[in-house]
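J.: Attaching a single structure in structure tokens format; questions to follow.
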Amino acid sequence: MPPRSVVDPTDFADLLPQVFILGRERAGVYPLRLAGGFVTDLHGRGLRHENMLNLWSPFDRAPLQATLERCRTRPAPFVVKAEIRADEVGPVPMEVLFAPLSTAAGGVDRFIGLYQPTAMLHRLQGRPANALAIRSIEGQDHLEAPRLRLA
């Protein structure tokens, strides 16, 4: 897990429109500290200080919050396979990467992320996303429920 002090945006300048950085005020409150142009355009508004969970459907907020909180104690990046939902059009698939960033003391208080559409965005017909929906969360094997074994 990299310390946030070593993240240099010039290392991934071509991707900056798709990048976001989340802070953490407390469990369930993850304000967007930075959102690239693609991210803000997709949602049709400025997102600075908005809680990242509010961009997701109400049904999907709890699983995302649980994954972000677990990521703080077991730091590892994860990918949310998601759908972009907008009025009067079908869902458009996208992947959202979340990677923890450490403080100087070693704790996690920020996440860097990336929006990566996996289909043509023209399907949105210029409409802003009104919610993101989770299809699956991958990359956090430790999040799986323990398997029951019968003797």
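In the structure tokens, chains take letters A, B, ... by order of appearance, with residues numbered from 1 within each chain and ligands from 1 in the order shown.
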Could you give me, as an MDAnalysis selection string, the residues within 8 Å of Pro75 in chain A, counting only C-alpha atoms and dropping anything in the same chain fewer than 3 positions from it?
T.: chainID A and resid 1 70:72 100 108
J.: Which residues come within 6 Å of range 56-68 of chain A, counting only C-alpha atoms, excluding same-chain residues fewer than 4 positions away, as a PyMOL selection string?
T.: chain A and resi 28+131-133
J.: Just how far from CA of Tyr30 in chain A is CA of Val80 in chain A, in Å to one decimal?
T.: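 These atoms are spaced 16.1 Å apart.
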J.: Would you list the contacts of range 6-14 of chain A as a PyMOL selection string, taking every protein, DNA or RNA residue within 12 Å and counting only C-alpha atoms, but skipping same-chain residues closer than 5 positions in sequence?
T.: chain A and resi 1+19-21+34+36-38+99-104+110-112+114
J.: Selection from above, N, CA and C atoms, as a CSV table (one decimal), in the first residue's frame, can you write it?
T.:
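Result went into again.csv, see below:
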```csv
chain,number,residue,atom,x,y,z
A,1,MET,N,0.9,-1.2,0.0
A,1,MET,CA,0.0,0.0,0.0
A,1,MET,C,0.9,1.2,0.0
A,19,VAL,N,-9.8,9.7,-12.7
A,19,VAL,CA,-9.3,9.5,-11.4
A,19,VAL,C,-10.1,10.3,-10.4
A,20,PHE,N,-10.2,9.7,-9.2
A,20,PHE,CA,-10.8,10.4,-8.0
A,20,PHE,C,-10.0,10.0,-6.8
A,21,ILE,N,-10.1,10.9,-5.8
A,21,ILE,CA,-9.5,10.6,-4.5
A,21,ILE,C,-10.6,10.9,-3.4
A,34,LEU,N,-11.1,15.0,-4.8
A,34,LEU,CA,-10.7,15.3,-6.1
A,34,LEU,C,-11.5,14.4,-7.1
A,36,GLY,N,-11.8,13.8,-11.4
A,36,GLY,CA,-11.4,14.2,-12.7
A,36,GLY,C,-12.6,14.6,-13.6
A,37,GLY,N,-12.3,15.2,-14.7
A,37,GLY,CA,-13.3,15.7,-15.6
A,37,GLY,C,-14.3,14.7,-16.1
A,38,PHE,N,-13.8,13.5,-16.4
A,38,PHE,CA,-14.7,12.4,-16.9
A,38,PHE,C,-15.6,12.1,-15.8
A,99,ALA,N,-8.2,1.9,-4.4
A,99,ALA,CA,-6.9,1.5,-3.9
A,99,ALA,C,-6.6,2.4,-2.6
A,100,PRO,N,-6.3,1.7,-1.5
A,100,PRO,CA,-6.0,2.5,-0.3
A,100,PRO,C,-4.7,3.2,-0.4
A,101,LEU,N,-4.7,4.4,0.3
A,101,LEU,CA,-3.4,5.2,0.4
A,101,LEU,C,-3.2,5.3,1.9
A,102,SER,N,-1.9,5.1,2.3
A,102,SER,CA,-1.6,5.2,3.7
A,102,SER,C,-1.1,6.6,4.1
A,103,THR,N,-1.3,6.8,5.4
A,103,THR,CA,-0.8,8.0,6.0
A,103,THR,C,0.7,7.8,6.4
A,104,ALA,N,1.4,8.8,6.9
A,104,ALA,CA,2.7,8.6,7.4
A,104,ALA,C,2.8,7.6,8.6
A,110,ARG,N,-7.4,7.6,3.0
A,110,ARG,CA,-7.8,8.0,1.7
A,110,ARG,C,-7.7,6.9,0.7
A,111,PHE,N,-8.4,7.0,-0.4
A,111,PHE,CA,-8.4,6.0,-1.4
A,111,PHE,C,-8.3,6.7,-2.7
A,112,ILE,N,-7.5,6.2,-3.6
A,112,ILE,CA,-7.4,6.7,-5.0
A,112,ILE,C,-8.2,5.7,-5.9
A,114,LEU,N,-10.4,4.9,-9.9
A,114,LEU,CA,-10.4,5.1,-11.3
A,114,LEU,C,-11.7,4.6,-11.9
```
J.: Go through A:Glu25, A:Asp109, A:Glu69, A:Glu138 and flag the residue nearest Glu95 in chain A, using only C-alpha atoms for the distances.
T.: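 So, comparing all the options, the nearest one is A:Glu138.
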J.: Please extract the residues of range 1-83 of chain A with a backbone DSSP assignment of alpha helix (DSSP H) and present them as a VMD selection string.
T.: chain A and resid 37 to 43 58 to 73
J.: Counting only C-alpha atoms, what is within 6 Å of Met94 in chain A, bar same-chain residues fewer than 2 positions away, as an MDAnalysis selection string?
T.: chainID A and resid 82:83 116:118
J.: So which residues touch Val79 in chain A within 9 Å, counting only C-alpha atoms, skipping near sequence neighbours fewer than 3 positions away, as a PyMOL selection string?
T.: chain A and resi 95-99+136-140
J.: Find the distance between CA of Arg74 in chain A and CA of Asn51 in chain A and write it in Å to one decimal.
T.: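 The value is 22.2 Å.
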J.: Between A:Pro77, A:Pro93, A:Gly106, A:Pro128, which residue has the minimum interatomic distance to Thr40 in chain A, considering only C-alpha atoms?
T.: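 When distances to Thr40 in chain A are compared using only C-alpha atoms, the smallest one comes from A:Pro128.
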